[in-house]
Amino acid sequence: MRLALPLLLELSLGVAAGVLGTVLAGQIADASAAAFALSMQFFHTAFLLFRIVGAGISVVLSQQLGYNNPIAVETAARTALLASFVMGLIAAAVLWFGSDRLLLHFEVPEEVRLQAKPLMLWLAPCVLLDALVVAMASVMRAHLFAAQSLRVMMLMHLCHWGLAWLLMSGSFGLSGFAMASLVSRILSLVLLTRCWDRYLGIKTVWLTRPTLDQASFQAILRIGLPGAAENAVWRLGFMASVAAASQLGTTALATQAYVLQFNTVILLAGFSMGLAAEILVGRLLGEGNLREAHGLVKRVTWMSLAISGAVSVVVALAGPWLVPLLTDDQTIHGEAIRLLWISVILETGRSFNLVLIGSLRAVGDVRYPLYSGLPSVLVLLAGGSWLFGVHWGWGLSGIWLAYAADEWARGLLVWRRWLKLQWLSAARHSLQRIRSEKRGPEVQAPE
């Protein structure tokens, strides 16, 4: 919990920024809220390119830290930063040059499209800055400096909130959110650079020659590529569900935008516990203590399931009071409250994935979540959204049921794999690769 709590607070700040943007956009019009939410989904989709690197940073560093190899740790950190810059630059280009095609491909209503395009253009450079911020913060957390990273994120988000409120309430509209994001990310990069100098001993990182160590980069890609592919498959399936929701009209898109904000709040506790478990399992792998890693993951999974279930029920019960804070549309109120109750099923199922996929990644079992999840995402998430929501006419409730079915199917598969110890061979292979540099500890396999 010492690691999970700062992560929870840090993630909460990011979600609060998104909620603030949605609230301010909703005050302009429901179409503006839909445009904001849709643009942010495209932003996160472009960000998937960075995930190729991002998914491997914490794991590789945690393993090397557990193995007590400081030279390899600093080399991997510098390599991750350079790779993040390249991937972030590519992601920014995708968002900048692909905005028109994306909006037309998903048949977004014209009133939403006209507001979404300028916001997407402003968000493009934010992808690059976010890639660098996330990489530097991930390195801090892998070193267990989560509290120091939290302080930087707090200042960044406070700056973002204040500027977003001023700019979006003024003449800049939706684009003011991205402008505020640019300024706040630059501030955080300055602060994180000082943190690397003070806490990690990595000095003047921007003034030294860029480091791209082949062994470190290969290790990051070995973890990151399957992780990013798994995330990309889910994101594409989710975007297919967004396309299905767009067929239901602007009101449906706005309703989805509002409820997604609540869903993001619900998953924060489980997500922070999953990130903490990933870091700790990676360290335990580096130490060779697989037995303790096995017990840790089981405990965290049950805790995440209980917390997600409790929080989702509380949010659903509070729905009649929460939803009117975002919109006055009575049509949206009824549908949103119904979706919040479906989210109780959705978010409890998601708990398995939040903890277990990260834990499998931490021990090097990175391909199973991709291979096992692909059929579920294609059939249940993408196909189910169209079948239930559009073809059968169940609307957003059908789309949300497709979300829940997908999460439970994928979650139970990874839970079964962990309990049956089918990840052990991948874990031993990962430890053997780390040991190739020098003699390490004996492995304690779980019973």
# chains A, B, ... in the order shown; residues from 1 in each chain; ligands from 1
>>> residues_around(residues="A:Ala34", least_positions_apart="2", cutoff="7 Å", atoms="only C-alpha atoms", output="list in words")
Asp30, Ala31, Ser32, Phe36, Ala37, Leu38, Val112, Leu253, Ala254 and Ala257 of chain A
>>> closest_atom_pairs(of="stretch 201-256 of chain A", to="stretch 370-389 of chain A", cutoff="9 Å", atoms="only C-alpha atoms", output="JSON lines")
{"residue": "A:Pro226", "atom": "CA", "partner": "A:Leu370", "partner_atom": "CA", "distance": 6.6}
{"residue": "A:Gly227", "atom": "CA", "partner": "A:Leu370", "partner_atom": "CA", "distance": 7.4}
{"residue": "A:Ala229", "atom": "CA", "partner": "A:Leu370", "partner_atom": "CA", "distance": 6.9}
{"residue": "A:Glu230", "atom": "CA", "partner": "A:Leu370", "partner_atom": "CA", "distance": 4.6}
{"residue": "A:Asn231", "atom": "CA", "partner": "A:Leu370", "partner_atom": "CA", "distance": 8.3}
{"residue": "A:Val233", "atom": "CA", "partner": "A:Leu374", "partner_atom": "CA", "distance": 6.8}
{"residue": "A:Trp234", "atom": "CA", "partner": "A:Val377", "partner_atom": "CA", "distance": 6.0}
{"residue": "A:Leu236", "atom": "CA", "partner": "A:Ala382", "partner_atom": "CA", "distance": 8.2}
{"residue": "A:Gly237", "atom": "CA", "partner": "A:Ala382", "partner_atom": "CA", "distance": 4.7}
{"residue": "A:Phe238", "atom": "CA", "partner": "A:Ala382", "partner_atom": "CA", "distance": 6.6}
{"residue": "A:Met239", "atom": "CA", "partner": "A:Ala382", "partner_atom": "CA", "distance": 8.1}
{"residue": "A:Ala240", "atom": "CA", "partner": "A:Ala382", "partner_atom": "CA", "distance": 5.5}
{"residue": "A:Ser241", "atom": "CA", "partner": "A:Ser385", "partner_atom": "CA", "distance": 5.3}
{"residue": "A:Val242", "atom": "CA", "partner": "A:Ser385", "partner_atom": "CA", "distance": 8.7}
{"residue": "A:Ala243", "atom": "CA", "partner": "A:Trp386", "partner_atom": "CA", "distance": 8.8}
{"residue": "A:Ala244", "atom": "CA", "partner": "A:Trp386", "partner_atom": "CA", "distance": 5.7}
{"residue": "A:Ala245", "atom": "CA", "partner": "A:Gly389", "partner_atom": "CA", "distance": 7.6}
{"residue": "A:Leu248", "atom": "CA", "partner": "A:Gly389", "partner_atom": "CA", "distance": 8.6}
>>> closest_residue(among="A:Leu346, A:Leu317, A:Ile57, A:Leu284", to="A:Trp400", atoms="only C-alpha atoms")
A:Leu346
>>> atom_distance(atom1="atom CA of A:Met156", atom2="atom CA of A:Leu187")
6.6 Å
>>> residues_around(residues="stretch 407-413 of chain A", least_positions_apart="3", cutoff="8 Å", atoms="only C-alpha atoms", output="ChimeraX atom specification")
/A:346,349-353,356,369,372-373,376,403-404,416-417
>>> closest_residue(among="A:Leu24, A:Val108, A:Ser308, A:Ala135", to="A:Gly176", atoms="only C-alpha atoms")
A:Leu24
